[in-house]
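Single-structure report; data block below.
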Amino acid sequence: MITWDNGHYFAYEIIGEFRSRDTWIHPDRKVGSYELIFVLHGTLYITEEDTAYEVRENEMIILEPGKRHFGTRETTEFVSFYWFHFHTNLPVQMKKIAPDDVYDIKFFLKKLLHITNSGEQSQENRESADALGFLIYNECIKPRNSLYKNVKLAADIKEYIRLNLKENVTVSEIADHYGYNVDYIGKLFKANFGLNLKKYIALQRLNLAKDLLLTTMLSIKQIAGEIGYADENAFVKFFVYHEKMSPTVFRNHYFNTHINNR
C-alpha cells in the first residue's frame, strides 16, 4: 500500500486477463474494490447500476466499489481484456477512458500481470505492484482540471473529426458545430488528449493519406480529395512538410508485398 501524510492511500489488489469462448456475457456481480477493465479485443457490453456502456478495443472503464455491474447482452465475438482491482480514497472521477498512451498502458498492465504471477510474493514485488498500479491510476484516472471533466464533449470532437476528415474540417467549424468559442474547444481538447487540436487534425489527415498511399491504387489527386484537399499541389506541399518526401516517393518506398488467398 502507498500512503501519504494527508491520509490518502492507494493499494493494488489483483489483476488478470480474460479471454471469452463461444457465446459470452459478463457475470452479474458486486465487488468491494475499484475495477479497471482495459479491452484488448472486441467490445465489452456492461451495465453499472442503471447505466449501460460499450467499451471498445483500447478503451477502459472504471467500475466503482459496492455498485452492481453485469453484462448488458450476450456476444459471440471474441472478447479479451485486462481486469485490475485496486483500493484508494483518492478521487476517481473518470468512468470510460480512451487513453492517448495506449501502448504504454498496455505495457504497464502486462508488466503488472507478470509481477503478480511470478510466484514470488516478496515485499519487493508487492511494492512494485503497488507502484505500477498507482502509475496506471496516475496516467489514466486522476482528475486534471475542470476541462478534463468534460470528457464526453472532447470524445465527441474526436469522433466528429474522424467522420468529417474528408470535408477539410477546421477548428472554427468544430467550435461552431458545438456552440463554443475556438479558445475553449482548443483548451478542452488539449486538457483531455494532450494534443493541440489543429495539430491533431493535421496528424489524422496525414495518417489517412499514408494509409491510402500504402493500401490503395488511388492517384495522388484522388487521395488529395479523400483527405479534404481540392488542390493536389496543396496536398503535396502538406505531405512534404510533414514527411520530408513527396507522396509518390513515400509510396515507392514500400512496394514489396506478399499476397496469399489460402
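By convention in this document, the chains of the C-alpha cells carry letters A, B, ... by their order, each chain's residues are numbered from 1, and ligands are numbered from 1 in the order they are shown.
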Exercise. Out of stretch 164-201 of chain A, which residues get helix (DSSP H, G or I) from DSSP, as a ChimeraX atom specification?
Worked result: /A:164-167,171-178,182-193,197-201
Would you mind exporting C-alpha atoms of the selected residues as a PDB file, in the first residue's frame?
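Final file, out.pdb:
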ATOM      1  CA  ASN A 164     -15.579  14.767 -41.284  1.00  0.00           C
ATOM      2  CA  LEU A 165     -11.894  14.458 -42.096  1.00  0.00           C
ATOM      3  CA  LYS A 166     -12.595  14.226 -45.831  1.00  0.00           C
ATOM      4  CA  GLU A 167     -14.530  17.510 -45.675  1.00  0.00           C
ATOM      5  CA  VAL A 171     -11.111  24.124 -35.563  1.00  0.00           C
ATOM      6  CA  SER A 172     -13.506  27.002 -36.273  1.00  0.00           C
ATOM      7  CA  GLU A 173     -16.032  24.648 -37.836  1.00  0.00           C
ATOM      8  CA  ILE A 174     -15.852  22.342 -34.814  1.00  0.00           C
ATOM      9  CA  ALA A 175     -16.361  25.277 -32.429  1.00  0.00           C
ATOM     10  CA  ASP A 176     -19.384  26.467 -34.428  1.00  0.00           C
ATOM     11  CA  HIS A 177     -20.828  22.945 -34.569  1.00  0.00           C
ATOM     12  CA  TYR A 178     -20.750  22.509 -30.781  1.00  0.00           C
ATOM     13  CA  VAL A 182     -12.366  28.369 -30.580  1.00  0.00           C
ATOM     14  CA  ASP A 183     -10.207  29.028 -27.496  1.00  0.00           C
ATOM     15  CA  TYR A 184     -12.363  26.862 -25.202  1.00  0.00           C
ATOM     16  CA  ILE A 185     -12.535  23.984 -27.702  1.00  0.00           C
ATOM     17  CA  GLY A 186      -8.760  24.053 -28.116  1.00  0.00           C
ATOM     18  CA  LYS A 187      -8.074  24.050 -24.373  1.00  0.00           C
ATOM     19  CA  LEU A 188     -10.676  21.332 -23.766  1.00  0.00           C
ATOM     20  CA  PHE A 189      -9.164  19.028 -26.377  1.00  0.00           C
ATOM     21  CA  LYS A 190      -5.604  19.532 -25.136  1.00  0.00           C
ATOM     22  CA  ALA A 191      -6.614  19.007 -21.491  1.00  0.00           C
ATOM     23  CA  ASN A 192      -8.167  15.638 -22.357  1.00  0.00           C
ATOM     24  CA  PHE A 193      -5.800  14.318 -25.007  1.00  0.00           C
ATOM     25  CA  LEU A 197      -6.428  20.424 -31.816  1.00  0.00           C
ATOM     26  CA  LYS A 198      -5.133  21.868 -35.087  1.00  0.00           C
ATOM     27  CA  LYS A 199      -2.101  19.581 -34.987  1.00  0.00           C
ATOM     28  CA  TYR A 200      -4.327  16.586 -34.192  1.00  0.00           C
ATOM     29  CA  ILE A 201      -6.463  17.266 -37.277  1.00  0.00           C
TER      30      ILE A 201
END
Residues within 12 Å of stretch 124-139 of chain A, only C-alpha atoms, excluding chain neighbours under 6 positions, as a compact mmCIF listing (two decimals) with N, CA and C atoms, in the first residue's frame:
# COMPACT_ATOMS: atom_id res chain seq x y z
N MET A 1 0.84 -1.19 0.00
CA MET A 1 0.00 0.00 0.00
C MET A 1 0.88 1.25 0.00
N ILE A 2 0.48 2.22 -0.81
CA ILE A 2 1.15 3.51 -0.82
C ILE A 2 0.31 4.48 0.00
N THR A 3 0.95 5.16 0.96
CA THR A 3 0.21 6.09 1.81
C THR A 3 0.87 7.47 1.77
N TYR A 9 -4.46 7.04 0.35
CA TYR A 9 -3.76 5.77 0.14
C TYR A 9 -4.14 5.18 -1.22
N PHE A 10 -3.28 4.30 -1.70
CA PHE A 10 -3.56 3.53 -2.92
C PHE A 10 -3.01 2.13 -2.70
N ALA A 11 -3.83 1.12 -3.00
CA ALA A 11 -3.39 -0.26 -2.81
C ALA A 11 -3.85 -1.12 -3.98
N TYR A 12 -2.90 -1.76 -4.63
CA TYR A 12 -3.20 -2.73 -5.69
C TYR A 12 -3.72 -4.01 -5.05
N GLU A 13 -4.71 -4.64 -5.69
CA GLU A 13 -5.26 -5.89 -5.15
C GLU A 13 -4.94 -7.09 -6.03
N ILE A 14 -5.39 -7.09 -7.27
CA ILE A 14 -5.22 -8.27 -8.13
C ILE A 14 -5.42 -7.86 -9.59
N ILE A 15 -4.85 -8.63 -10.50
CA ILE A 15 -5.00 -8.38 -11.93
C ILE A 15 -5.14 -9.72 -12.66
N TYR A 34 -12.40 -0.90 -6.55
CA TYR A 34 -12.48 -0.38 -7.91
C TYR A 34 -11.99 -1.46 -8.86
N GLU A 35 -12.58 -1.50 -10.05
CA GLU A 35 -12.11 -2.43 -11.08
C GLU A 35 -11.90 -1.65 -12.38
N LEU A 36 -10.68 -1.71 -12.88
CA LEU A 36 -10.36 -1.12 -14.18
C LEU A 36 -10.36 -2.25 -15.20
N ILE A 37 -11.09 -2.07 -16.29
CA ILE A 37 -11.11 -3.04 -17.38
C ILE A 37 -10.56 -2.37 -18.63
N PHE A 38 -9.52 -2.94 -19.20
CA PHE A 38 -8.91 -2.44 -20.44
C PHE A 38 -9.18 -3.46 -21.54
N MET A 60 -10.99 1.89 -21.80
CA MET A 60 -11.07 1.38 -20.44
C MET A 60 -12.33 1.88 -19.77
N ILE A 62 -13.88 2.25 -15.57
CA ILE A 62 -13.66 2.11 -14.14
C ILE A 62 -14.98 1.78 -13.46
N TRP A 83 -8.24 -7.07 -16.46
CA TRP A 83 -9.02 -6.53 -15.34
C TRP A 83 -8.09 -6.34 -14.15
N PHE A 84 -8.28 -5.23 -13.46
CA PHE A 84 -7.33 -4.78 -12.46
C PHE A 84 -8.10 -4.17 -11.30
N HIS A 85 -7.98 -4.76 -10.10
CA HIS A 85 -8.69 -4.28 -8.91
C HIS A 85 -7.74 -3.49 -8.01
N PHE A 86 -8.25 -2.39 -7.47
CA PHE A 86 -7.44 -1.59 -6.55
C PHE A 86 -8.35 -0.88 -5.55
N HIS A 87 -7.74 -0.41 -4.46
CA HIS A 87 -8.44 0.35 -3.42
C HIS A 87 -7.76 1.71 -3.29
N THR A 88 -8.53 2.74 -3.11
CA THR A 88 -7.98 4.07 -2.89
C THR A 88 -9.05 5.00 -2.34
N LEU A 90 -8.34 8.26 -3.05
CA LEU A 90 -8.07 9.37 -3.97
C LEU A 90 -9.26 9.53 -4.91
N PRO A 91 -9.45 10.71 -5.49
CA PRO A 91 -10.61 10.91 -6.38
C PRO A 91 -10.50 10.09 -7.66
N VAL A 92 -11.58 9.43 -8.02
CA VAL A 92 -11.67 8.68 -9.28
C VAL A 92 -12.91 9.20 -10.00
N GLN A 93 -12.72 10.22 -10.81
CA GLN A 93 -13.86 10.89 -11.44
C GLN A 93 -14.14 10.40 -12.85
N MET A 94 -13.21 9.68 -13.44
CA MET A 94 -13.41 9.19 -14.80
C MET A 94 -14.20 7.89 -14.78
N ILE A 97 -12.69 5.66 -20.48
CA ILE A 97 -11.48 6.38 -20.89
C ILE A 97 -10.93 5.79 -22.18
N ALA A 98 -10.52 6.68 -23.09
CA ALA A 98 -9.78 6.27 -24.28
C ALA A 98 -8.40 6.90 -24.17
N PRO A 99 -7.43 6.21 -23.58
CA PRO A 99 -6.13 6.83 -23.29
C PRO A 99 -5.34 7.15 -24.55
N ASP A 100 -4.53 8.21 -24.48
CA ASP A 100 -3.65 8.55 -25.59
C ASP A 100 -2.47 7.59 -25.66
N ASP A 101 -1.83 7.34 -24.51
CA ASP A 101 -0.66 6.48 -24.47
C ASP A 101 -1.09 5.03 -24.29
N VAL A 102 -1.86 4.55 -25.27
CA VAL A 102 -2.49 3.24 -25.15
C VAL A 102 -1.46 2.13 -25.04
N ASP A 104 1.65 2.33 -23.87
CA ASP A 104 2.30 2.39 -22.56
C ASP A 104 1.41 1.75 -21.50
N ILE A 105 0.11 2.05 -21.55
CA ILE A 105 -0.82 1.49 -20.56
C ILE A 105 -0.86 -0.03 -20.70
N LYS A 106 -0.90 -0.54 -21.92
CA LYS A 106 -0.87 -1.99 -22.14
C LYS A 106 0.39 -2.61 -21.52
N PHE A 107 1.51 -1.92 -21.73
CA PHE A 107 2.78 -2.43 -21.20
C PHE A 107 2.75 -2.46 -19.67
N PHE A 108 2.25 -1.39 -19.05
CA PHE A 108 2.18 -1.34 -17.59
C PHE A 108 1.30 -2.48 -17.06
N LEU A 109 0.16 -2.69 -17.71
CA LEU A 109 -0.75 -3.74 -17.26
C LEU A 109 -0.13 -5.12 -17.45
N LYS A 110 0.54 -5.32 -18.58
CA LYS A 110 1.20 -6.61 -18.84
C LYS A 110 2.31 -6.86 -17.82
N LYS A 111 3.06 -5.80 -17.50
CA LYS A 111 4.13 -5.93 -16.52
C LYS A 111 3.56 -6.23 -15.14
N LEU A 112 2.47 -5.57 -14.79
CA LEU A 112 1.82 -5.82 -13.50
C LEU A 112 1.32 -7.26 -13.42
N LEU A 113 0.78 -7.75 -14.52
CA LEU A 113 0.32 -9.15 -14.59
C LEU A 113 1.49 -10.10 -14.39
N HIS A 114 2.62 -9.78 -15.01
CA HIS A 114 3.82 -10.61 -14.89
C HIS A 114 4.33 -10.65 -13.45
N ILE A 115 4.40 -9.48 -12.82
CA ILE A 115 4.88 -9.41 -11.44
C ILE A 115 3.97 -10.22 -10.51
N THR A 116 2.65 -10.07 -10.72
CA THR A 116 1.68 -10.75 -9.86
C THR A 116 1.79 -12.27 -9.98
N ASN A 117 2.08 -12.74 -11.18
CA ASN A 117 2.10 -14.19 -11.42
C ASN A 117 3.51 -14.77 -11.48
N SER A 118 4.47 -14.04 -10.92
CA SER A 118 5.85 -14.52 -10.94
C SER A 118 6.10 -15.63 -9.94
N ASN A 192 -7.76 17.04 -22.37
CA ASN A 192 -8.17 15.64 -22.36
C ASN A 192 -7.21 14.72 -23.09
N PHE A 193 -6.61 15.20 -24.17
CA PHE A 193 -5.80 14.32 -25.01
C PHE A 193 -4.34 14.75 -25.12
N GLY A 194 -3.99 15.89 -24.54
CA GLY A 194 -2.60 16.31 -24.54
C GLY A 194 -2.08 16.79 -25.88
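The gap separating atom CA of A:Asn58 from atom CA of A:Glu243 is 26.9 Å, in Å to one decimal.
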Stretch 72-79 of chain A: which residues within 6 Å, counting only C-alpha atoms, same-chain residues fewer than 5 positions away excluded, as a CSV table (one decimal) with N, CA and C atoms, in the first residue's frame?
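File produced: out-v1.csv:
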chain,number,residue,atom,x,y,z
A,19,ARG,N,-10.3,-14.0,-21.6
A,19,ARG,CA,-10.5,-14.3,-23.0
A,19,ARG,C,-11.8,-15.1,-23.1
A,20,SER,N,-12.7,-14.6,-23.9
A,20,SER,CA,-14.0,-15.3,-24.0
A,20,SER,C,-13.9,-16.5,-24.9
A,22,ASP,N,-16.8,-18.9,-27.2
A,22,ASP,CA,-18.1,-19.1,-27.7
A,22,ASP,C,-19.0,-17.9,-27.3
A,23,THR,N,-20.3,-18.1,-27.0
A,23,THR,CA,-21.2,-17.0,-26.5
A,23,THR,C,-20.8,-16.6,-25.1
A,24,TRP,N,-20.8,-15.3,-24.9
A,24,TRP,CA,-20.3,-14.9,-23.5
A,24,TRP,C,-21.1,-13.6,-23.1
A,25,ILE,N,-21.3,-13.5,-21.8
A,25,ILE,CA,-21.8,-12.3,-21.2
A,25,ILE,C,-21.2,-12.1,-19.9
A,41,HIS,N,-9.5,-6.8,-27.2
A,41,HIS,CA,-10.2,-7.2,-28.4
A,41,HIS,C,-11.7,-7.2,-28.2
A,42,GLY,N,-12.4,-6.9,-29.3
A,42,GLY,CA,-13.9,-6.9,-29.3
A,42,GLY,C,-14.5,-5.7,-28.5
A,45,TYR,N,-19.9,-5.2,-23.4
A,45,TYR,CA,-21.2,-4.5,-23.2
A,45,TYR,C,-21.5,-4.8,-21.7
A,46,ILE,N,-21.5,-3.7,-20.9
A,46,ILE,CA,-21.6,-3.8,-19.5
A,46,ILE,C,-22.5,-2.7,-18.9
A,47,THR,N,-23.2,-3.0,-17.9
A,47,THR,CA,-24.1,-2.0,-17.2
A,47,THR,C,-23.6,-1.9,-15.7
For this session: Determine which residues of stretch 38-255 of chain A DSSP labels as strand (DSSP E) from the backbone of this structure, then write them out as an MDAnalysis selection string.
Result: chainID A and resid 38:41 44:48 51:55 60:63 69:71 80:88 96:97
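Candidate residues A:Arg251, A:Lys237, A:Met245, A:Ala230 were compared for distance to A:Lys210, and the nearest is A:Arg251, using only C-alpha atoms.
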Problem set entry | Nearest to A:Asn150 by atom-to-atom distance, counting only C-alpha atoms, from A:Lys95, A:Ser219, A:Lys244, A:Ala224 |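 The closest residue to A:Asn150 is A:Lys95.
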Exercise. For the atom pair atom CA of A:Val31 and atom CA of A:Glu64, what is the interatomic distance in Å to one decimal place?
Worked result: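 Between atom CA of A:Val31 and atom CA of A:Glu64 the gap works out to 8.3 Å.
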